[in-house]
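I have placed the structure first, in the form of structure tokens, so that the comments after it can refer back to it.
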Amino acid sequence: MTQHDPKAASLVARYEVFFTQFLDPEGKLKAELPAFARDTEQLKKMYRVMVTTRLFDKKAVALQRTGQLGTYASCLGQEAIGTALGLSMQPDDVYIPAYREYAANFLRGVPMESILLYWGGNERGMKYPAGTPSWNDFPLSVPIATHIPHAIGVAYAFKLRKQPRVVVATCGDGATSKGDFYEAVSSAKIWNLPVVFVVSNNQWAISLHSSRQTGAQTFAQKGFAGGLPSEQVDGNDVIATRFVLERALERARKGEGPSLIEAVTYRLHDHTTADDARRYRGEDEVKAAWERCPIKRLKAYLEAQKLWTTAEEEALNAEGTATAEKAAQAFIATETEAPEAIFDSLYAKLPRQYEWQREEVRAAGPKGGH
Amino acid sequence: MTQHDPKAASLVARYEVFFTQFLDPEGKLKAELPAFARDTEQLKKMYRVMVTTRLFDKKAVALQRTGQLGTYASCLGQEAIGTALGLSMQPDDVYIPAYREYAANFLRGVPMESILLYWGGNERGMKYPAGTPSWNDFPLSVPIATHIPHAIGVAYAFKLRKQPRVVVATCGDGATSKGDFYEAVSSAKIWNLPVVFVVSNNQWAISLHSSRQTGAQTFAQKGFAGGLPSEQVDGNDVIATRFVLERALERARKGEGPSLIEAVTYRLHDHTTADDARRYRGEDEVKAAWERCPIKRLKAYLEAQKLWTTAEEEALNAEGTATAEKAAQAFIATETEAPEAIFDSLYAKLPRQYEWQREEVRAAGPKGGH
Amino acid sequence: MPNLSIIEAVNLALHSEMTRDKDVVMLGEDIGKNGGVFRATVGLLEKFGEERVIDTPLAENLVAAMAIGLSTQGLKPVAEIQFSGFLYPCVDQVVNHATRYRNRTRGRLSCPMVIRAPNGGGIHAPEHHSESLETTFTQMPGLRVVAPSNPARAYGLLLAAIRDPDPVIFLEPTRNYRLFKSAVEDNGEALPLDSCFIDREGSDVTLVSWGAMMHETRLAADKLAEEGISAEVIDVASLKPLDMDTILTSVAKTGRCVIVQEAPRAYGPASEIAANIAEHGLLSLFAPIMRVSGYDTVMPLAKSEKVYIPDVERVLKEVRKVFELAPKA
Amino acid sequence: MPNLSIIEAVNLALHSEMTRDKDVVMLGEDIGKNGGVFRATVGLLEKFGEERVIDTPLAENLVAAMAIGLSTQGLKPVAEIQFSGFLYPCVDQVVNHATRYRNRTRGRLSCPMVIRAPNGGGIHAPEHHSESLETTFTQMPGLRVVAPSNPARAYGLLLAAIRDPDPVIFLEPTRNYRLFKSAVEDNGEALPLDSCFIDREGSDVTLVSWGAMMHETRLAADKLAEEGISAEVIDVASLKPLDMDTILTSVAKTGRCVIVQEAPRAYGPASEIAANIAEHGLLSLFAPIMRVSGYDTVMPLAKSEKVYIPDVERVLKEVRKVFELAPKA
Ligand SMILES: Cc1ncc(C[n+]2csc(CCOP(=O)(O)OP(=O)(O)O)c2C)c(N)n1
Ligand SMILES: Cc1ncc(C[n+]2csc(CCOP(=O)(O)OP(=O)(O)O)c2C)c(N)n1
Ligand SMILES: [Mg+2]
Ligand SMILES: [Mg+2]
């Protein structure tokens, strides 16, 4: 750091990054729990969602390995963030995700098969069910970071209409390198918009380690570039993650403006099923990361508190496995759309100029998928 | 600021923004001067460059007002930054500017008429003279911010070749809202590149006041998003500006990496000659800004120190006016290029496919400019 | 009916539709107090307030993305980009999101939005301020691209663009913003977004153009008339979707076609029109289809822009070639 | 001579030129240890070190801009973009800077750089991974756009692209990366960047294509041969600048032309080729110029991509139309 001559240099601004954690990797409490986490049912619910999500993930990977699903991005090890997101958002809020935090999608009403359909290459997947909170959510975004600034427009619409709604936009550590991420962060506070940016720092962007992604010491501090309250949280501690999220969402809902949260986690799986992480990272690193797994730690805490029995665990596993299996069947049973469907949601009404193309496709009939 | 539970939250990082100033608006010393500024010749040189630049600017505006020059962006009030830049850079360094800091261009060997030719719509303007430091500099960049990430590539080349050269990229406050600016800032430290980013915060981006440009309290703190040593300086204090610039350049040259400097100044003129600032800002604001003018304050200091006489002032004005006049004449005397010149620097060798177009243009002959 | 310039007609359309529909919002750089660098948004801030007339930070990619976000919520954003040369930063957002949200959510989300920008050269502006961007956008599925050529069409097509349920790129003819005035009635009536306009009827040759180049094209038609050649002039107006029926009908009548564009020649809009004629109208052609265009060069700076922009002479030269190859009977 | 796949030929060209010229550097996402998502850069990091093989942060606009900066210093950067759908963020940097530095400085600065990307669909990849981007770049003055269709051309054209003193967009046929192997000699010899290749000689009809669609085009020619129709197959290879001479010579011989592209139909590359034929080769045509193309839709997800991508049947259908209108004598 630069040595400043106190006579010539005056302090103008100071920014600090804090890291919040309630449950350490062993499941030991570090501080008094927030209200929601003193409610046993809430604790069990968070645990159930994480475990069920992991069982879904296992099934999805299995489907891909057996040629029944396309490239799939696993959420293994990141279940806490999606769970905390889903539980801290209100139904009327809008979720603008990247692609990994499936637990949040599920909690907002997205059927598991919808996620499978999307990765399976069927457009039906992103038409979420009407009547659920997910109806207003944005689809999974494969193009990295470019969905984030949409949150500025959505949040501006809420403000314009004086609606007490909040937008939550998520992305990965790699996404923070794109201008799209920054342009949203830099501008959100100009209008004091109700938006919360969440960076799931899972340490890797495919093969690039987070330490090579930027010169910044933390991803949280990127929020300072927009003057946002910005902090780090242990993204594998579902309690801490939900706690800081609820705080940020409440601030936003009360009109106190945007914030940024860096949730520190770890991608336990390959980047996607098309990736082989052994090319670029060591087994030890991954083994060490398993020790910080979000499910393991909450389970340890619940058991230590005698709040969770082996029977409950078995029931949950059986139920979750069945749910995932049912979703897989529903996915497999879903037909590919009619060929001409590629024209039917292109415009509100297909311009007459393109009708002959639609007709050609309809007449040619199905070509068969892969 | 968020109240953190000390048991749950630990401090991870702290960043501070300092503002440096040696000469206050009245020209009073606030701290002991850095070495270079204890040399009277240096002080006079800085003063001469600023005054000469202002006289050039006056001439350029006059040429535009009389229909002899196209749209022109005035540097009125910002002469200190360009002067400090030009004097702190080495000949082998590379300057990647926006468009306002003409003093730096002049100090690096760009003839005044080149700047006039550019704004006059003659491509010859950006072909700087061989043999001067400017030969390796980048042209003025009208598209905002998109030139900044070029500094990453140039600085990387210096590092790869182990050359002790530094890249200086400048932009305005408005430019900091573009992803291009951020992508450069975020990545520079990954490779610890020899680059210095300079933001000339002249309070306005055409009609948008800097307070509406971003939610950030300072533009300096945007550097924290890339982990850069970042600071604010009084951009109307040529001594302070040169001081922090030389410090940053030295760090970069020694291999200690990139930095960001926000030079706080004020745009005394309309945005360009095509703009009328009275539409969006009050006269009082401008009047107050004149009190902080960089030339006025250095002159006050020099006179207080009895280092500057009325005779010297008159000589300088006469000389500067003559120089600007000579440049204007050279500009007016410079012919428009032959029509076919629009093909001659498009590719190293024009592909045969386009030769007929060049021939058509050559055959048609000059069409006359505006 | 007041006589208005094109820029005044644009301004009138914006006032008119913002009054009619409170979901219409404006956003862009310097559109508020400053009224836009070309004054297209003058008076909107005063009348509709800063919540609906949004001065954005300096980031075109953000402007496009923000418009997308606003539009998904049922608002109808009209974004201004100061010069079409600064539309390039919007490309990714437009092609990867604006044109796709409806499709990828099978109708759940949609983007009723307009991005307006002055297009083309001829005003001696600085570097990067005089480009012709049609081709950048006309190739994008799910998009509409409109380029009006006179005040009444600017008014009616802009209303249509704002009311259209899908994204529209609206390219305004920079150098003709104030070139002439003609009658514009503020009747709130939109013009169709999928049809060419027959600007002038004729029987010997079809001249096709749009936007600013319609001016030179009309002058060329005048000149040809003096020479006893009757030119039918078609204003494409909506480049995407492209109304080939009107063009093919005209070519079937005249047997000769010259297409006039300011954009660089290679892979430009004129090529699409020519290709369609070569596929569907070949048998009615008496002569090759000629294209008048800008050159395959970077848009020159002010002193040389006249070298680049096709003038009436260049239009006439190609028309004459056509009649040399296929003389009037 | 080893038999290589297209991706192996690309990798060989990179190894070969980095060995030959120490100013050649690679940059892009995951190109180092990971060897690139398609393995195009495998082995480069190990052989040439991380200073010359640069893993960049996740920002395509930065990758393009960094390549520009490197190239102005006399280095020869070869940037990889993981999928052509992610080239859109590079558009602004390419059109506003890479293609202009030489021109705007009248030769003082220049950008000898290559941006490589896999292009097109057919591998059941996720959303945004299967687009065809030719038209986005072919319209940019000062640029070269290349799209190889077999291993030997991938090798020779990539060497030429790296050695070219100006920016080149190099679009590789994703679904054919590993489709077949053929002989490639590592002789360091570049192929011309301004000429089409006559892939197969014929006399009855000219089939024009490039990149991945050359495969279906060749299969169509085989089928036509069985039917006694002799098709001349032209691999455009370099879309910009476009070698019309070779195409026009062929059409003068055959009198029939069908152009095959994967990109959406409207304003696509085929239209430029057809327009040039309509201007310079009209009199030699026996029949309309047909275009086989993707549809004017967003590229569908994996299950429906076959609906979009032209197959041999669609190529044959257009060819048959041509012979119906102009039967073989
Ligand atoms: C704009 C863009 N560039 C590149 C890619 C290819 N890609 C897919 S995921 C990914 C890494 C993303 O890393 P991060 O943001 O950390 O998210 P994570 O996958 O780790 O959750 C890349 C480079 C893409 N999908 N979009
Ligand atoms: C990409 C881009 N968008 C918009 C413009 C139009 N424009 C020219 S200067 C300017 C404001 C620049 O403000 P700032 O960065 O603060 O620099 P200043 O002019 O104040 O020195 C704008 C919006 C442009 N030239 N480039
Ligand atoms: Mg990651
Ligand atoms: Mg400014």
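By order in the structure tokens, chains are A, B, ...; within a chain, residues start at 1; ligands start at 1, following the order shown.
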
Expected answer as number ranges by chain: residues within 6 Å of ligand 2, only C-alpha atoms and all ligand atoms = B: 100, 142-144, 171-175, 202, 204-206, 271; C: 58, 86

Pull all heavy atoms from the residues just selected and write them as a short mmCIF file (atom, residue, chain, number, x, y, z; two decimals), in the first residue's frame.
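That gives us part.cif:
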```
data_model
loop_
_atom_site.label_atom_id
_atom_site.label_comp_id
_atom_site.auth_asym_id
_atom_site.auth_seq_id
_atom_site.Cartn_x
_atom_site.Cartn_y
_atom_site.Cartn_z
N ARG B 100 -9.25 14.25 -24.78
CA ARG B 100 -9.18 15.62 -24.27
C ARG B 100 -7.81 16.10 -23.81
O ARG B 100 -7.57 17.31 -23.75
CB ARG B 100 -10.17 15.79 -23.12
CG ARG B 100 -11.37 16.62 -23.52
CD ARG B 100 -12.26 16.88 -22.36
NE ARG B 100 -13.63 16.46 -22.62
CZ ARG B 100 -14.49 17.13 -23.37
NH1 ARG B 100 -14.13 18.26 -23.92
NH2 ARG B 100 -15.70 16.67 -23.56
N VAL B 142 -12.54 8.28 -30.07
CA VAL B 142 -13.88 8.85 -29.93
C VAL B 142 -14.87 7.84 -29.33
O VAL B 142 -15.67 8.19 -28.48
CB VAL B 142 -14.36 9.41 -31.29
CG1 VAL B 142 -15.88 9.56 -31.31
CG2 VAL B 142 -13.70 10.76 -31.56
N PRO B 143 -14.79 6.55 -29.75
CA PRO B 143 -15.70 5.62 -29.07
C PRO B 143 -15.27 5.45 -27.61
O PRO B 143 -14.17 5.00 -27.33
CB PRO B 143 -15.57 4.32 -29.85
CG PRO B 143 -14.43 4.48 -30.78
CD PRO B 143 -13.96 5.90 -30.75
N ILE B 144 -16.14 5.84 -26.74
CA ILE B 144 -15.79 5.92 -25.32
C ILE B 144 -15.39 4.57 -24.72
O ILE B 144 -16.08 3.58 -24.91
CB ILE B 144 -16.98 6.51 -24.53
CG1 ILE B 144 -17.30 7.91 -25.02
CG2 ILE B 144 -16.68 6.52 -23.04
CD1 ILE B 144 -16.18 8.91 -24.91
N CYS B 171 -9.20 8.12 -19.65
CA CYS B 171 -10.60 8.22 -20.04
C CYS B 171 -11.31 9.20 -19.12
O CYS B 171 -10.73 9.69 -18.17
CB CYS B 171 -11.27 6.85 -19.97
SG CYS B 171 -11.50 6.23 -18.29
N GLY B 172 -12.58 9.44 -19.43
CA GLY B 172 -13.34 10.37 -18.62
C GLY B 172 -14.19 9.66 -17.59
O GLY B 172 -14.22 8.43 -17.51
N ASP B 173 -14.90 10.41 -16.78
CA ASP B 173 -15.78 9.85 -15.75
C ASP B 173 -16.88 9.01 -16.40
O ASP B 173 -17.22 7.93 -15.94
CB ASP B 173 -16.37 10.95 -14.87
CG ASP B 173 -16.87 12.15 -15.67
OD1 ASP B 173 -16.08 12.73 -16.44
OD2 ASP B 173 -18.06 12.50 -15.55
N GLY B 174 -17.41 9.49 -17.51
CA GLY B 174 -18.47 8.73 -18.16
C GLY B 174 -17.99 7.38 -18.65
O GLY B 174 -18.70 6.38 -18.54
N ALA B 175 -16.76 7.36 -19.14
CA ALA B 175 -16.20 6.12 -19.69
C ALA B 175 -16.15 5.00 -18.65
O ALA B 175 -16.18 3.82 -19.00
CB ALA B 175 -14.80 6.39 -20.22
N ASN B 202 -14.08 15.10 -15.00
CA ASN B 202 -14.36 16.53 -15.20
C ASN B 202 -15.82 16.85 -14.86
O ASN B 202 -16.38 17.84 -15.32
CB ASN B 202 -14.03 16.95 -16.64
CG ASN B 202 -14.89 16.22 -17.65
OD1 ASN B 202 -15.79 15.47 -17.30
ND2 ASN B 202 -14.61 16.45 -18.92
N TRP B 204 -18.64 15.96 -15.73
CA TRP B 204 -19.72 15.83 -16.70
C TRP B 204 -19.39 14.85 -17.80
O TRP B 204 -18.25 14.75 -18.25
CB TRP B 204 -20.04 17.19 -17.34
CG TRP B 204 -20.66 18.15 -16.37
CD1 TRP B 204 -20.00 19.08 -15.61
CD2 TRP B 204 -22.05 18.24 -16.02
NE1 TRP B 204 -20.90 19.75 -14.81
CE2 TRP B 204 -22.16 19.26 -15.05
CE3 TRP B 204 -23.20 17.57 -16.44
CZ2 TRP B 204 -23.40 19.63 -14.48
CZ3 TRP B 204 -24.43 17.93 -15.90
CH2 TRP B 204 -24.51 18.95 -14.91
N ALA B 205 -20.40 14.09 -18.22
CA ALA B 205 -20.34 13.28 -19.43
C ALA B 205 -21.45 13.87 -20.31
O ALA B 205 -22.63 13.57 -20.10
CB ALA B 205 -20.61 11.82 -19.13
N ILE B 206 -21.07 14.73 -21.20
CA ILE B 206 -22.02 15.61 -21.90
C ILE B 206 -22.95 16.20 -20.83
O ILE B 206 -22.47 16.99 -20.00
CB ILE B 206 -22.81 14.89 -23.03
CG1 ILE B 206 -21.84 14.25 -24.04
CG2 ILE B 206 -23.69 15.91 -23.76
CD1 ILE B 206 -22.53 13.68 -25.29
N HIS B 271 -19.41 20.49 -23.81
CA HIS B 271 -18.82 19.17 -24.05
C HIS B 271 -17.97 19.19 -25.33
O HIS B 271 -16.81 18.77 -25.33
CB HIS B 271 -19.92 18.11 -24.17
CG HIS B 271 -19.44 16.82 -24.71
ND1 HIS B 271 -18.55 16.02 -24.02
CD2 HIS B 271 -19.66 16.20 -25.89
CE1 HIS B 271 -18.29 14.96 -24.75
NE2 HIS B 271 -18.93 15.05 -25.90
N LEU C 58 -23.21 6.05 -19.22
CA LEU C 58 -22.63 5.91 -20.54
C LEU C 58 -22.27 4.44 -20.81
O LEU C 58 -21.11 4.04 -20.64
CB LEU C 58 -21.37 6.79 -20.64
CG LEU C 58 -20.98 7.26 -22.03
CD1 LEU C 58 -19.82 8.21 -21.94
CD2 LEU C 58 -20.76 6.16 -23.01
N PHE C 86 -22.55 3.46 -32.35
CA PHE C 86 -22.48 3.01 -30.95
C PHE C 86 -23.55 1.96 -30.65
O PHE C 86 -23.81 1.63 -29.49
CB PHE C 86 -22.57 4.20 -30.01
CG PHE C 86 -21.56 5.27 -30.36
CD1 PHE C 86 -21.94 6.59 -30.49
CD2 PHE C 86 -20.25 4.93 -30.61
CE1 PHE C 86 -21.01 7.55 -30.87
CE2 PHE C 86 -19.32 5.88 -30.98
CZ PHE C 86 -19.70 7.20 -31.11
#
```

Could you give me, as a ChimeraX atom specification, the residues within 8 Å of Asn201 (chain B), counting only C-alpha atoms and dropping anything in the same chain fewer than 2 positions from it?
-> /B:172-173,199,203-204,210,219,262-266

Could you write out as a list in words the residues of chain C within 8 Å of chain B, counting only C-alpha atoms?
-> Glu29, Asp30, Lys33, Asn34, Val37, Asp55, Thr56, Pro57, Leu58, Ala59, Glu60, Phe86, His124, Ala125, Pro126, Glu127, His128, Tyr295, Asp296, Thr297, Val298, Pro300, Leu301, Ala302, Lys303, Ser304, Glu305, Lys306 and Val307 of chain C

If you count only C-alpha atoms, which residues fall within 9 Å of Ser182 (chain D), apart from same-chain ones fewer than 3 positions away, as number ranges by chain?
-> D: 2-6, 150-152

Selection above as a file: all heavy atoms, as a PDB file, in the first residue's frame:
```
ATOM      1  N   PRO D   2       0.496 -37.732 -42.447  1.00  0.00           N
ATOM      2  CA  PRO D   2      -0.482 -38.244 -41.477  1.00  0.00           C
ATOM      3  C   PRO D   2      -1.909 -37.892 -41.891  1.00  0.00           C
ATOM      4  O   PRO D   2      -2.147 -36.874 -42.527  1.00  0.00           O
ATOM      5  CB  PRO D   2      -0.096 -37.513 -40.190  1.00  0.00           C
ATOM      6  CG  PRO D   2       0.515 -36.235 -40.668  1.00  0.00           C
ATOM      7  CD  PRO D   2       1.226 -36.574 -41.956  1.00  0.00           C
ATOM      8  N   ASN D   3      -2.820 -38.775 -41.533  1.00  0.00           N
ATOM      9  CA  ASN D   3      -4.227 -38.454 -41.712  1.00  0.00           C
ATOM     10  C   ASN D   3      -4.732 -37.765 -40.449  1.00  0.00           C
ATOM     11  O   ASN D   3      -4.584 -38.313 -39.349  1.00  0.00           O
ATOM     12  CB  ASN D   3      -5.049 -39.730 -41.963  1.00  0.00           C
ATOM     13  CG  ASN D   3      -4.996 -40.108 -43.424  1.00  0.00           C
ATOM     14  OD1 ASN D   3      -4.898 -39.241 -44.279  1.00  0.00           O
ATOM     15  ND2 ASN D   3      -5.029 -41.403 -43.691  1.00  0.00           N
ATOM     16  N   LEU D   4      -5.274 -36.591 -40.616  1.00  0.00           N
ATOM     17  CA  LEU D   4      -5.727 -35.831 -39.454  1.00  0.00           C
ATOM     18  C   LEU D   4      -7.184 -35.408 -39.599  1.00  0.00           C
ATOM     19  O   LEU D   4      -7.695 -35.254 -40.706  1.00  0.00           O
ATOM     20  CB  LEU D   4      -4.879 -34.561 -39.285  1.00  0.00           C
ATOM     21  CG  LEU D   4      -3.359 -34.713 -39.128  1.00  0.00           C
ATOM     22  CD1 LEU D   4      -2.726 -33.338 -38.950  1.00  0.00           C
ATOM     23  CD2 LEU D   4      -3.028 -35.602 -37.927  1.00  0.00           C
ATOM     24  N   SER D   5      -7.798 -35.197 -38.448  1.00  0.00           N
ATOM     25  CA  SER D   5      -9.134 -34.600 -38.444  1.00  0.00           C
ATOM     26  C   SER D   5      -8.953 -33.085 -38.529  1.00  0.00           C
ATOM     27  O   SER D   5      -7.838 -32.576 -38.384  1.00  0.00           O
ATOM     28  CB  SER D   5      -9.862 -34.962 -37.146  1.00  0.00           C
ATOM     29  OG  SER D   5      -9.185 -34.357 -36.054  1.00  0.00           O
ATOM     30  N   ILE D   6     -10.038 -32.381 -38.720  1.00  0.00           N
ATOM     31  CA  ILE D   6      -9.941 -30.919 -38.810  1.00  0.00           C
ATOM     32  C   ILE D   6      -9.386 -30.326 -37.516  1.00  0.00           C
ATOM     33  O   ILE D   6      -8.486 -29.481 -37.542  1.00  0.00           O
ATOM     34  CB  ILE D   6     -11.314 -30.306 -39.165  1.00  0.00           C
ATOM     35  CG1 ILE D   6     -11.667 -30.637 -40.622  1.00  0.00           C
ATOM     36  CG2 ILE D   6     -11.306 -28.784 -38.937  1.00  0.00           C
ATOM     37  CD1 ILE D   6     -13.048 -30.179 -41.059  1.00  0.00           C
ATOM     38  N   ASN D 150     -12.042 -28.683 -44.722  1.00  0.00           N
ATOM     39  CA  ASN D 150     -11.382 -29.994 -44.565  1.00  0.00           C
ATOM     40  C   ASN D 150     -10.035 -29.797 -43.857  1.00  0.00           C
ATOM     41  O   ASN D 150      -9.584 -28.651 -43.693  1.00  0.00           O
ATOM     42  CB  ASN D 150     -11.232 -30.697 -45.927  1.00  0.00           C
ATOM     43  CG  ASN D 150     -10.219 -30.019 -46.835  1.00  0.00           C
ATOM     44  OD1 ASN D 150      -9.257 -29.398 -46.382  1.00  0.00           O
ATOM     45  ND2 ASN D 150     -10.448 -30.126 -48.142  1.00  0.00           N
ATOM     46  N   PRO D 151      -9.406 -30.869 -43.426  1.00  0.00           N
ATOM     47  CA  PRO D 151      -8.173 -30.742 -42.638  1.00  0.00           C
ATOM     48  C   PRO D 151      -7.050 -29.984 -43.331  1.00  0.00           C
ATOM     49  O   PRO D 151      -6.453 -29.076 -42.739  1.00  0.00           O
ATOM     50  CB  PRO D 151      -7.788 -32.200 -42.374  1.00  0.00           C
ATOM     51  CG  PRO D 151      -9.097 -32.935 -42.390  1.00  0.00           C
ATOM     52  CD  PRO D 151      -9.893 -32.265 -43.479  1.00  0.00           C
ATOM     53  N   ALA D 152      -6.791 -30.288 -44.570  1.00  0.00           N
ATOM     54  CA  ALA D 152      -5.682 -29.627 -45.267  1.00  0.00           C
ATOM     55  C   ALA D 152      -5.935 -28.132 -45.403  1.00  0.00           C
ATOM     56  O   ALA D 152      -5.037 -27.310 -45.221  1.00  0.00           O
ATOM     57  CB  ALA D 152      -5.478 -30.252 -46.644  1.00  0.00           C
TER      58      ALA D 152
END
```

Can you check which parts of chain C lie within 12 Å of ligand 1? Per residue, the shortest pair of atoms and distance in Å to one decimal, counting only C-alpha atoms and all ligand atoms, sorted by chain and number, as JSON lines.
```
{"residue": "C:Asp92", "atom": "CA", "partner": "ligand 1", "partner_atom_place_in_ligand_line": "1 (C)", "distance": 9.3}
{"residue": "C:Gln93", "atom": "CA", "partner": "ligand 1", "partner_atom_place_in_ligand_line": "1 (C)", "distance": 10.9}
{"residue": "C:Asn96", "atom": "CA", "partner": "ligand 1", "partner_atom_place_in_ligand_line": "1 (C)", "distance": 9.9}
```

Could you tell me how far CA of Glu216 (chain C) lies from CA of Asn276 (chain C), in Å and to one decimal?
->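 Between CA of Glu216 (chain C) and CA of Asn276 (chain C) the gap is 23.7 Å.
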